[in-house]
Amino acid sequence: MKRILIDSDVILDLLLDRKPFCEDSLAIIYACEQKQLQGFVTPVIIANVYYIFRQKASHVTVTEQLKLLLNIISVLNMDQKQVLAALDSKFTDFEDALQYFSAIQSNKVDVIITRNTSDYKKSTLPVFTPNEFLATLA
């Protein structure tokens with residue numbers, strides 16, 4: 001089973017129904033729910049999603065949706081080790097460096113799924129958009 005890190009933008013596409021991206025995001029989350037994929041996020045991804053989604057929906061709605069999501073996917077650990085690695089990295093986007101080093105150091109992630117693939121140029125893990133990743137599964 002593929003183990004994937006699902007970046008903030010993919011989750012937001014689903015929760016905010018951002019067309020045309022939401023359909024691919026839904027397919028990925030559904031595959032996780034059906035145990036065809038094992039999905040992961042980081043605490044930073046959850047914080048980002050909460051902050052952005054909260055601008056469009058109530059606290060109650062946001063927390064309910066995040067709890068539903070966290071019944072399907074798991075949260076990776078993030079501590080000082082990942083933060084220091086991100087600070088020392090060649091990533092130009094610190095937030096993406098945090099996601100990357102959480103994924104790498106967990107040994108639980110095979111692939112990163114994001115719409116901003118250019119942010120992960122330094123990744124040693126394969127990085128796909130949702131659409132590209134779904135094509136590899138077909």
# chains A, B, ... in the order shown; residues from 1 in each chain; ligands from 1
call {"tool": "select_by_dssp", "arguments": {"residues": "chain A", "states": "alpha helix (DSSP H)", "output": "NGL selection string"}}
result
:A and (8-15 or 22-33 or 43-54 or 59-70 or 80-88 or 94-106 or 130-137)
call {"tool": "write_last_selection", "arguments": {"atoms": "C-alpha atoms", "output": "CSV table (one decimal), in the first residue's frame"}}
result
chain,number,residue,atom,x,y,z
A,8,SER,CA,-2.4,21.5,2.8
A,9,ASP,CA,-3.5,22.6,-0.6
A,10,VAL,CA,-4.9,19.2,-1.5
A,11,ILE,CA,-7.0,19.1,1.7
A,12,LEU,CA,-8.2,22.7,1.2
A,13,ASP,CA,-9.2,21.9,-2.4
A,14,LEU,CA,-11.6,19.3,-1.0
A,15,LEU,CA,-12.9,21.2,2.0
A,22,CYS,CA,-11.6,19.0,-5.5
A,23,GLU,CA,-12.5,15.9,-7.5
A,24,ASP,CA,-8.9,14.6,-7.5
A,25,SER,CA,-8.5,15.4,-3.8
A,26,LEU,CA,-11.7,13.6,-3.0
A,27,ALA,CA,-10.5,10.5,-4.9
A,28,ILE,CA,-7.3,10.5,-2.9
A,29,ILE,CA,-9.1,10.9,0.5
A,30,TYR,CA,-11.6,8.2,-0.6
A,31,ALA,CA,-8.7,5.8,-1.5
A,32,CYS,CA,-7.4,6.4,2.0
A,33,GLU,CA,-10.8,5.7,3.6
A,43,PRO,CA,0.5,19.2,12.7
A,44,VAL,CA,1.5,22.2,10.5
A,45,ILE,CA,-0.8,21.0,7.7
A,46,ILE,CA,-3.7,20.7,10.1
A,47,ALA,CA,-2.9,24.2,11.5
A,48,ASN,CA,-2.7,25.7,8.0
A,49,VAL,CA,-6.0,24.0,6.9
A,50,TYR,CA,-7.7,25.2,10.1
A,51,TYR,CA,-6.6,28.8,9.6
A,52,ILE,CA,-7.6,29.0,5.9
A,53,PHE,CA,-10.8,27.0,6.2
A,54,ARG,CA,-11.8,29.0,9.3
A,59,HIS,CA,-15.1,27.0,14.2
A,60,VAL,CA,-17.6,24.2,14.7
A,61,THR,CA,-17.7,23.3,11.0
A,62,VAL,CA,-14.0,23.4,10.7
A,63,THR,CA,-13.3,21.3,13.7
A,64,GLU,CA,-15.9,18.7,12.7
A,65,GLN,CA,-14.5,18.4,9.2
A,66,LEU,CA,-10.9,18.1,10.5
A,67,LYS,CA,-12.0,15.4,13.0
A,68,LEU,CA,-13.7,13.5,10.1
A,69,LEU,CA,-10.5,13.8,8.1
A,70,LEU,CA,-8.4,12.5,11.0
A,80,GLN,CA,12.8,19.6,17.3
A,81,LYS,CA,14.7,17.2,15.0
A,82,GLN,CA,12.4,18.0,12.1
A,83,VAL,CA,12.5,21.7,12.7
A,84,LEU,CA,16.3,21.8,12.9
A,85,ALA,CA,16.6,19.8,9.7
A,86,ALA,CA,14.2,22.2,8.0
A,87,LEU,CA,16.1,25.2,9.2
A,88,ASP,CA,19.4,23.7,7.9
A,94,PHE,CA,10.3,26.6,5.4
A,95,GLU,CA,6.8,25.2,5.8
A,96,ASP,CA,7.4,22.7,3.0
A,97,ALA,CA,10.7,21.8,4.5
A,98,LEU,CA,8.9,21.0,7.8
A,99,GLN,CA,6.5,18.7,5.9
A,100,TYR,CA,9.3,17.0,4.0
A,101,PHE,CA,11.5,16.3,7.0
A,102,SER,CA,8.6,15.0,9.0
A,103,ALA,CA,7.8,12.6,6.1
A,104,ILE,CA,11.5,11.5,5.6
A,105,GLN,CA,12.3,11.1,9.2
A,106,SER,CA,9.1,9.2,10.0
A,130,PRO,CA,-3.1,14.7,-7.1
A,131,ASN,CA,-4.0,14.3,-10.8
A,132,GLU,CA,-0.5,12.9,-11.6
A,133,PHE,CA,-0.6,10.6,-8.7
A,134,LEU,CA,-4.0,9.2,-9.5
A,135,ALA,CA,-2.8,8.5,-13.1
A,136,THR,CA,0.0,6.3,-11.6
A,137,LEU,CA,-2.7,4.2,-9.8
call {"tool": "atom_distance", "arguments": {"atom1": "CA of Arg3 (chain A)", "atom2": "CA of Asn116 (chain A)"}}
result
18.8 Å
call {"tool": "residues_around", "arguments": {"residues": "Gly39 (chain A)", "least_positions_apart": "2", "cutoff": "10 Å", "atoms": "only C-alpha atoms", "output": "list in words"}}
result
Lys2, Arg3, Ile4, Leu5, Ile6, Ile28, Ile29, Ala31, Cys32, Glu33, Lys35, Gln36, Leu37, Val41, Leu70, Ile72, Ile73, Ser74, Val75, Leu76, Lys108, Val109, Val111, Ile112 and Ile113 of chain A
call {"tool": "select_by_dssp", "arguments": {"residues": "chain A", "states": "strand (DSSP E or B)", "output": "short mmCIF file (atom, residue, chain, number, x, y, z; two decimals) with N, CA and C atoms, in the first residue's frame"}}
result
data_model
loop_
_atom_site.label_atom_id
_atom_site.label_comp_id
_atom_site.auth_asym_id
_atom_site.auth_seq_id
_atom_site.Cartn_x
_atom_site.Cartn_y
_atom_site.Cartn_z
N LYS A 2 0.59 2.18 -0.89
CA LYS A 2 1.33 3.44 -0.93
C LYS A 2 1.01 4.26 0.29
N ARG A 3 2.04 4.89 0.83
CA ARG A 3 1.90 5.76 2.00
C ARG A 3 2.21 7.18 1.54
N ILE A 4 1.24 8.07 1.70
CA ILE A 4 1.34 9.40 1.10
C ILE A 4 1.22 10.51 2.15
N LEU A 5 2.01 11.55 1.95
CA LEU A 5 1.83 12.79 2.70
C LEU A 5 0.94 13.69 1.86
N ILE A 6 -0.16 14.14 2.43
CA ILE A 6 -1.13 14.97 1.72
C ILE A 6 -0.94 16.41 2.18
N LEU A 37 -4.82 3.41 0.12
CA LEU A 37 -3.67 4.26 0.40
C LEU A 37 -3.64 4.51 1.89
N GLN A 38 -2.45 4.81 2.40
CA GLN A 38 -2.34 5.24 3.79
C GLN A 38 -1.92 6.71 3.77
N GLY A 39 -2.79 7.57 4.25
CA GLY A 39 -2.57 9.00 4.19
C GLY A 39 -2.03 9.57 5.48
N PHE A 40 -1.16 10.57 5.33
CA PHE A 40 -0.57 11.26 6.47
C PHE A 40 -0.60 12.76 6.23
N VAL A 41 -0.63 13.49 7.34
CA VAL A 41 -0.44 14.94 7.37
C VAL A 41 0.50 15.24 8.52
N SER A 74 -3.66 9.87 9.19
CA SER A 74 -2.90 9.97 10.44
C SER A 74 -2.00 11.20 10.44
N VAL A 75 -1.62 11.62 11.63
CA VAL A 75 -0.73 12.77 11.80
C VAL A 75 0.66 12.27 12.14
N VAL A 111 5.50 8.94 -0.82
CA VAL A 111 5.19 9.92 -1.85
C VAL A 111 4.59 11.16 -1.20
N ILE A 112 4.89 12.33 -1.76
CA ILE A 112 4.26 13.58 -1.33
C ILE A 112 3.27 14.00 -2.41
N ILE A 113 2.05 14.34 -1.97
CA ILE A 113 1.00 14.79 -2.89
C ILE A 113 0.73 16.27 -2.59
N VAL A 127 7.31 13.35 -5.80
CA VAL A 127 6.32 14.39 -5.53
C VAL A 127 5.39 14.47 -6.74
N PHE A 128 4.10 14.39 -6.48
CA PHE A 128 3.09 14.41 -7.54
C PHE A 128 1.98 15.38 -7.20
#
call {"tool": "atom_distance", "arguments": {"atom1": "CA of Asp119 (chain A)", "atom2": "CA of Lys90 (chain A)"}}
result
11.1 Å
call {"tool": "atom_distance", "arguments": {"atom1": "CA of Lys121 (chain A)", "atom2": "CA of Asp17 (chain A)"}}
result
27.5 Å
call {"tool": "closest_residue", "arguments": {"among": "A:Asp93, A:Leu16, A:Ala57, A:Ala138", "to": "Thr117 (chain A)", "atoms": "only C-alpha atoms"}}
result
A:Asp93
call {"tool": "closest_residue", "arguments": {"among": "A:Asp79, A:Ser58, A:Asp110, A:Arg18", "to": "Leu125 (chain A)", "atoms": "only C-alpha atoms"}}
result
A:Asp110
call {"tool": "decode", "arguments": {"residues": "region 33-64 of chain A", "atoms": "N, CA and C atoms", "output": "compact mmCIF listing (two decimals), in the first residue's frame"}}
result
# COMPACT_ATOMS: atom_id res chain seq x y z
N GLU A 33 -9.66 6.27 2.77
CA GLU A 33 -10.77 5.74 3.57
C GLU A 33 -11.00 4.26 3.26
N GLN A 34 -10.80 3.88 2.00
CA GLN A 34 -11.00 2.49 1.57
C GLN A 34 -9.77 1.62 1.82
N LYS A 35 -8.75 2.20 2.47
CA LYS A 35 -7.51 1.49 2.83
C LYS A 35 -6.70 1.06 1.60
N GLN A 36 -6.90 1.77 0.48
CA GLN A 36 -6.08 1.52 -0.71
C GLN A 36 -4.79 2.33 -0.62
N LEU A 37 -4.82 3.41 0.12
CA LEU A 37 -3.67 4.26 0.40
C LEU A 37 -3.64 4.51 1.89
N GLN A 38 -2.45 4.81 2.40
CA GLN A 38 -2.34 5.24 3.79
C GLN A 38 -1.92 6.71 3.77
N GLY A 39 -2.79 7.57 4.25
CA GLY A 39 -2.57 9.00 4.19
C GLY A 39 -2.03 9.57 5.48
N PHE A 40 -1.16 10.57 5.33
CA PHE A 40 -0.57 11.26 6.47
C PHE A 40 -0.60 12.76 6.23
N VAL A 41 -0.63 13.49 7.34
CA VAL A 41 -0.44 14.94 7.37
C VAL A 41 0.50 15.24 8.52
N THR A 42 0.85 16.49 8.68
CA THR A 42 1.65 16.93 9.83
C THR A 42 0.80 17.89 10.66
N PRO A 43 1.23 18.18 11.88
CA PRO A 43 0.51 19.19 12.68
C PRO A 43 0.46 20.55 11.97
N VAL A 44 1.50 20.88 11.24
CA VAL A 44 1.52 22.16 10.52
C VAL A 44 0.46 22.18 9.43
N ILE A 45 0.29 21.07 8.75
CA ILE A 45 -0.75 21.00 7.71
C ILE A 45 -2.12 21.20 8.34
N ILE A 46 -2.38 20.55 9.46
CA ILE A 46 -3.67 20.72 10.14
C ILE A 46 -3.87 22.18 10.56
N ALA A 47 -2.82 22.79 11.08
CA ALA A 47 -2.91 24.20 11.49
C ALA A 47 -3.20 25.10 10.29
N ASN A 48 -2.51 24.87 9.18
CA ASN A 48 -2.73 25.67 7.97
C ASN A 48 -4.16 25.51 7.47
N VAL A 49 -4.62 24.27 7.41
CA VAL A 49 -5.97 24.01 6.93
C VAL A 49 -6.99 24.67 7.85
N TYR A 50 -6.81 24.54 9.15
CA TYR A 50 -7.73 25.18 10.09
C TYR A 50 -7.79 26.69 9.83
N TYR A 51 -6.63 27.31 9.76
CA TYR A 51 -6.56 28.77 9.62
C TYR A 51 -7.26 29.24 8.34
N ILE A 52 -6.99 28.59 7.22
CA ILE A 52 -7.56 29.03 5.94
C ILE A 52 -9.04 28.67 5.85
N PHE A 53 -9.40 27.46 6.24
CA PHE A 53 -10.79 27.02 6.19
C PHE A 53 -11.65 27.85 7.14
N ARG A 54 -11.09 28.25 8.27
CA ARG A 54 -11.82 29.03 9.28
C ARG A 54 -12.24 30.39 8.74
N GLN A 55 -11.54 30.88 7.74
CA GLN A 55 -11.92 32.15 7.13
C GLN A 55 -13.20 32.03 6.32
N LYS A 56 -13.59 30.80 5.99
CA LYS A 56 -14.78 30.55 5.18
C LYS A 56 -15.90 29.86 5.94
N ALA A 57 -15.58 29.27 7.10
CA ALA A 57 -16.58 28.47 7.83
C ALA A 57 -16.42 28.69 9.33
N SER A 58 -17.43 28.28 10.07
CA SER A 58 -17.41 28.45 11.52
C SER A 58 -16.39 27.51 12.17
N HIS A 59 -16.02 27.85 13.40
CA HIS A 59 -15.11 27.00 14.16
C HIS A 59 -15.68 25.59 14.29
N VAL A 60 -16.96 25.48 14.57
CA VAL A 60 -17.60 24.18 14.74
C VAL A 60 -17.50 23.37 13.44
N THR A 61 -17.81 23.98 12.33
CA THR A 61 -17.74 23.29 11.03
C THR A 61 -16.31 22.84 10.74
N VAL A 62 -15.36 23.73 10.95
CA VAL A 62 -13.95 23.42 10.66
C VAL A 62 -13.48 22.26 11.53
N THR A 63 -13.74 22.33 12.82
CA THR A 63 -13.26 21.26 13.70
C THR A 63 -13.96 19.93 13.39
N GLU A 64 -15.24 19.97 13.07
CA GLU A 64 -15.94 18.74 12.71
C GLU A 64 -15.33 18.12 11.46
